[in-house]
Amino acid sequence: PAGLTEAEAARFREAAARARSGRYVLLDGPAESGKSVLLATLVLWARASGWVTMYVPDASVITRGRAGKAEGKAPLGMVARAPGGDEDAALGWDSPDAAAEMLDHMVAAHADKLREMPVTAASEGVAGRPEGCDNLLQLCEKGAESMFEHATGAVVALRAELGATTQFPVLVAVDGLNALFADSAFKEGNASDLTRTRQIHSSELRLARAFGAGVYAPTWDGPFRAG
């Protein structure tokens, strides 16, 4: 691709080859070494080559929200108990606004292909998945329309569907992956005592689990460990 140095182009070719083989690819390197540019270029290449690409350009938005000052983007950063979470805390926390934004981006990038892809048993049982959807485009649209009830469930279901499909080649690209393996910026309050709060770990966020699970051992200690 144009605009890359020789070293970046070599890393791009390696990443593209691994993506074609269905493997996980970790782009590692020092700060400001061009990892984000390389990943964004890979996303552009994949989309231009007919891939369905689910792109998270900043994973910290999932775990820390977004102030909304950068590049004029709207602020994000709310969490709510997942459907059934009041009875079963293990279901975790939804991220309604971040999830709705992801769904809008998927519709903008891949509406035609999503319309061709049926909803299958791959996402059966996902809490909060919109009902009555025949294809993944409807899943995304209904999820975004009912943000608080279904957006997170729709993203988790979409992630599961894309992981199982063979209809199109798929790339799931996450920038800033480490953010999915640490404490989040969100806290759980106590209705009877507002001075008592609990830090919510990223492993409790359903979006973080959807994009982080399977990449590393499920201890959620973080992808990079000493020793």
# chains A, B, ... in the order shown; residues from 1 in each chain; ligands from 1
$ residues_around --residues "stretch 201-215 of chain A" --least-positions-apart "2" --cutoff "8 Å" --atoms "only C-alpha atoms" --output "list in words"
Tyr24, Ile62, Thr63, Ala90, Leu91, Gly92, Trp93, Asp94, Ser95, Ala99, Thr152, Val155, Val156, Arg159, Val174, Leu177, Ala179, Leu180, Phe181, Ala182, Asp183, Ser184, Gln199, Ala217, Pro218 and Trp220 of chain A
$ write_last_selection --atoms "N, CA, C and O atoms" --output "compact mmCIF listing (two decimals), in the first residue's frame"
# COMPACT_ATOMS: atom_id res chain seq x y z
N TYR A 24 -4.80 -15.40 14.52
CA TYR A 24 -4.68 -14.16 15.27
C TYR A 24 -3.34 -13.52 14.95
O TYR A 24 -2.32 -14.20 14.82
N ILE A 62 -14.02 1.32 24.94
CA ILE A 62 -14.85 0.31 25.58
C ILE A 62 -14.69 0.34 27.08
O ILE A 62 -15.66 0.22 27.84
N THR A 63 -13.45 0.50 27.55
CA THR A 63 -13.17 0.35 28.97
C THR A 63 -13.06 1.67 29.73
O THR A 63 -13.13 1.67 30.96
N ALA A 90 -22.79 -12.51 36.95
CA ALA A 90 -21.78 -13.03 36.03
C ALA A 90 -22.05 -12.62 34.58
O ALA A 90 -21.15 -12.67 33.74
N LEU A 91 -23.28 -12.20 34.28
CA LEU A 91 -23.58 -11.75 32.93
C LEU A 91 -22.83 -10.49 32.57
O LEU A 91 -22.58 -10.20 31.40
N GLY A 92 -22.45 -9.70 33.58
CA GLY A 92 -21.61 -8.55 33.34
C GLY A 92 -22.36 -7.27 33.01
O GLY A 92 -23.54 -7.12 33.33
N TRP A 93 -21.65 -6.36 32.34
CA TRP A 93 -22.13 -5.01 32.10
C TRP A 93 -22.19 -4.71 30.62
O TRP A 93 -21.30 -5.08 29.85
N ASP A 94 -23.24 -4.01 30.22
CA ASP A 94 -23.39 -3.53 28.85
C ASP A 94 -22.74 -2.16 28.69
O ASP A 94 -22.60 -1.41 29.66
N SER A 95 -22.36 -1.84 27.45
CA SER A 95 -21.83 -0.52 27.09
C SER A 95 -22.69 0.03 25.96
O SER A 95 -22.30 -0.02 24.78
N ALA A 99 -21.48 0.43 22.00
CA ALA A 99 -21.98 -0.65 21.15
C ALA A 99 -22.79 -0.10 19.97
O ALA A 99 -22.64 -0.55 18.83
N THR A 152 -25.58 -3.73 22.98
CA THR A 152 -24.45 -4.58 23.38
C THR A 152 -24.70 -6.03 22.97
O THR A 152 -23.80 -6.70 22.47
N VAL A 155 -23.90 -6.44 19.32
CA VAL A 155 -22.47 -6.49 19.01
C VAL A 155 -21.89 -7.85 19.40
O VAL A 155 -21.12 -8.45 18.63
N VAL A 156 -22.24 -8.34 20.58
CA VAL A 156 -21.74 -9.65 21.01
C VAL A 156 -22.22 -10.74 20.04
O VAL A 156 -21.45 -11.63 19.66
N ARG A 159 -20.32 -10.39 16.73
CA ARG A 159 -18.95 -10.93 16.87
C ARG A 159 -18.98 -12.46 16.78
O ARG A 159 -18.11 -13.06 16.12
N VAL A 174 -8.60 -4.87 16.33
CA VAL A 174 -8.75 -4.11 17.57
C VAL A 174 -7.45 -3.37 17.84
O VAL A 174 -6.39 -3.99 18.02
N LEU A 177 -5.31 -3.15 22.19
CA LEU A 177 -5.87 -4.34 22.81
C LEU A 177 -5.65 -4.41 24.32
O LEU A 177 -6.49 -4.95 25.06
N ALA A 179 -6.05 -2.41 26.58
CA ALA A 179 -7.10 -1.76 27.37
C ALA A 179 -8.19 -2.73 27.79
O ALA A 179 -8.92 -2.47 28.75
N LEU A 180 -8.30 -3.86 27.09
CA LEU A 180 -9.34 -4.83 27.40
C LEU A 180 -8.98 -5.73 28.58
O LEU A 180 -9.78 -6.58 28.98
N PHE A 181 -7.78 -5.57 29.13
CA PHE A 181 -7.29 -6.48 30.15
C PHE A 181 -6.86 -5.76 31.43
O PHE A 181 -5.94 -6.19 32.11
N ALA A 182 -7.53 -4.69 31.77
CA ALA A 182 -7.17 -3.93 32.97
C ALA A 182 -8.44 -3.38 33.61
O ALA A 182 -9.54 -3.57 33.09
N ASP A 183 -8.28 -2.71 34.74
CA ASP A 183 -9.44 -2.07 35.34
C ASP A 183 -10.03 -1.06 34.37
O ASP A 183 -9.31 -0.36 33.66
N SER A 184 -11.34 -0.98 34.35
CA SER A 184 -12.00 0.03 33.54
C SER A 184 -12.08 1.34 34.33
O SER A 184 -11.68 1.41 35.49
N GLN A 199 -14.72 -0.61 41.74
CA GLN A 199 -14.17 -0.50 40.40
C GLN A 199 -14.60 -1.70 39.57
O GLN A 199 -14.51 -2.84 40.01
N ALA A 217 -4.93 -16.22 27.31
CA ALA A 217 -5.49 -17.10 28.34
C ALA A 217 -6.53 -16.32 29.15
O ALA A 217 -6.33 -15.14 29.46
N PRO A 218 -7.65 -16.96 29.52
CA PRO A 218 -8.77 -16.24 30.13
C PRO A 218 -8.57 -15.90 31.59
O PRO A 218 -9.47 -16.06 32.41
N TRP A 220 -7.36 -12.81 32.37
CA TRP A 220 -7.55 -11.36 32.36
C TRP A 220 -6.51 -10.65 33.21
O TRP A 220 -6.75 -9.60 33.77
$ select_by_dssp --residues "stretch 16-165 of chain A" --states "alpha helix (DSSP H)" --output "number ranges by chain"
A: 16-20, 35-48, 60-64, 96-116, 136-145, 152-164
$ residues_around --residues "stretch 115-125 of chain A" --least-positions-apart "4" --cutoff "8 Å" --atoms "only C-alpha atoms" --output "VMD selection string"
chain A and resid 111 129 133 to 139 156 to 158 160 to 161 164 167
$ write_last_selection --atoms "C-alpha atoms" --output "PDB file, in the first residue's frame"
ATOM      1  CA  ALA A 111     -24.653  -3.021   4.676  1.00  0.00           C
ATOM      2  CA  ARG A 129     -29.740 -10.129  21.104  1.00  0.00           C
ATOM      3  CA  CYS A 133     -33.757 -10.665  12.757  1.00  0.00           C
ATOM      4  CA  ASP A 134     -33.313 -12.657   9.553  1.00  0.00           C
ATOM      5  CA  ASN A 135     -29.909 -11.253   8.654  1.00  0.00           C
ATOM      6  CA  LEU A 136     -26.973  -9.435  10.226  1.00  0.00           C
ATOM      7  CA  LEU A 137     -27.990  -6.074   8.783  1.00  0.00           C
ATOM      8  CA  GLN A 138     -31.281  -6.265  10.675  1.00  0.00           C
ATOM      9  CA  LEU A 139     -29.358  -7.354  13.767  1.00  0.00           C
ATOM     10  CA  VAL A 156     -21.737  -9.650  21.011  1.00  0.00           C
ATOM     11  CA  ALA A 157     -24.018 -11.627  18.682  1.00  0.00           C
ATOM     12  CA  LEU A 158     -22.420 -10.057  15.593  1.00  0.00           C
ATOM     13  CA  ALA A 160     -20.064 -14.542  17.336  1.00  0.00           C
ATOM     14  CA  GLU A 161     -21.654 -14.687  13.890  1.00  0.00           C
ATOM     15  CA  ALA A 164     -18.400 -18.636  12.643  1.00  0.00           C
ATOM     16  CA  GLN A 167     -19.699 -16.848   3.604  1.00  0.00           C
TER      17      GLN A 167
END
$ residues_around --residues "A:Tyr55" --least-positions-apart "5" --cutoff "9 Å" --atoms "only C-alpha atoms" --output "PDB file with C-alpha atoms, in the first residue's frame"
ATOM      1  CA  ALA A  40      -5.875   0.977   9.773  1.00  0.00           C
ATOM      2  CA  VAL A  43      -8.549  -2.652   7.527  1.00  0.00           C
ATOM      3  CA  MET A 102     -19.941   0.091  16.511  1.00  0.00           C
ATOM      4  CA  HIS A 105     -20.087   1.844  11.661  1.00  0.00           C
ATOM      5  CA  MET A 106     -20.685  -1.751  10.567  1.00  0.00           C
ATOM      6  CA  LEU A 171     -11.206  -9.505   9.784  1.00  0.00           C
ATOM      7  CA  VAL A 172     -11.739  -8.397  13.384  1.00  0.00           C
ATOM      8  CA  ALA A 173      -9.232  -5.632  14.112  1.00  0.00           C
ATOM      9  CA  VAL A 174      -8.748  -4.110  17.574  1.00  0.00           C
ATOM     10  CA  ASP A 175      -6.345  -1.238  18.216  1.00  0.00           C
TER      11      ASP A 175
END
$ atom_distance --atom1 "atom CA of A:Asn178" --atom2 "atom CA of A:Pro30"
13.7 Å
$ residues_around --residues "A:Leu44" --least-positions-apart "5" --cutoff "10 Å" --atoms "only C-alpha atoms" --output "list in words"
Pro1, Leu38, Leu39, Ser49, Trp51 and Thr53 of chain A
$ write_last_selection --atoms "N, CA, C and O atoms" --output "mmCIF file, in the first residue's frame"
data_model
loop_
_atom_site.group_PDB
_atom_site.id
_atom_site.type_symbol
_atom_site.label_atom_id
_atom_site.label_comp_id
_atom_site.auth_asym_id
_atom_site.auth_seq_id
_atom_site.Cartn_x
_atom_site.Cartn_y
_atom_site.Cartn_z
ATOM 1 N N PRO A 1 0.830 -1.206 0.000
ATOM 2 C CA PRO A 1 0.000 0.000 0.000
ATOM 3 C C PRO A 1 0.860 1.250 0.000
ATOM 4 O O PRO A 1 1.943 1.275 0.563
ATOM 5 N N LEU A 38 -0.566 1.035 10.526
ATOM 6 C CA LEU A 38 -0.499 -0.251 9.848
ATOM 7 C C LEU A 38 -1.824 -0.998 9.967
ATOM 8 O O LEU A 38 -2.326 -1.569 8.982
ATOM 9 N N LEU A 39 -2.415 -0.987 11.169
ATOM 10 C CA LEU A 39 -3.677 -1.687 11.369
ATOM 11 C C LEU A 39 -4.796 -1.040 10.544
ATOM 12 O O LEU A 39 -5.597 -1.737 9.911
ATOM 13 N N SER A 49 -10.808 -5.483 -0.485
ATOM 14 C CA SER A 49 -10.654 -6.826 -1.047
ATOM 15 C C SER A 49 -11.882 -7.693 -0.808
ATOM 16 O O SER A 49 -11.847 -8.896 -1.083
ATOM 17 N N TRP A 51 -13.556 -8.192 2.181
ATOM 18 C CA TRP A 51 -13.700 -8.770 3.507
ATOM 19 C C TRP A 51 -14.739 -7.993 4.306
ATOM 20 O O TRP A 51 -14.914 -6.787 4.126
ATOM 21 N N THR A 53 -15.170 -6.479 7.753
ATOM 22 C CA THR A 53 -14.188 -6.075 8.755
ATOM 23 C C THR A 53 -14.868 -5.373 9.923
ATOM 24 O O THR A 53 -15.538 -4.357 9.739
#
$ select_by_dssp --residues "stretch 89-215 of chain A" --states "strand (DSSP E or B)" --output "ChimeraX atom specification"
/A:93-94,118,135,170-174,183-189,197-201,205,213
$ atom_distance --atom1 "atom CA of A:Thr41" --atom2 "atom CA of A:Leu26"
14.9 Å
$ residues_around --residues "A:Phe148" --least-positions-apart "3" --cutoff "9 Å" --atoms "only C-alpha atoms" --output "list in words"
Ala80, Asp94, Ser95, Pro96, Asp97, Ala100, Gly143, Ala144, Glu145, Ala151 and Thr152 of chain A
$ atom_distance --atom1 "atom CA of A:Ala98" --atom2 "atom CA of A:Ser33"
27.2 Å
$ closest_residue --among "A:Glu141, A:Glu188, A:Glu32, A:Glu149" --to "A:Glu101" --atoms "only C-alpha atoms"
A:Glu141
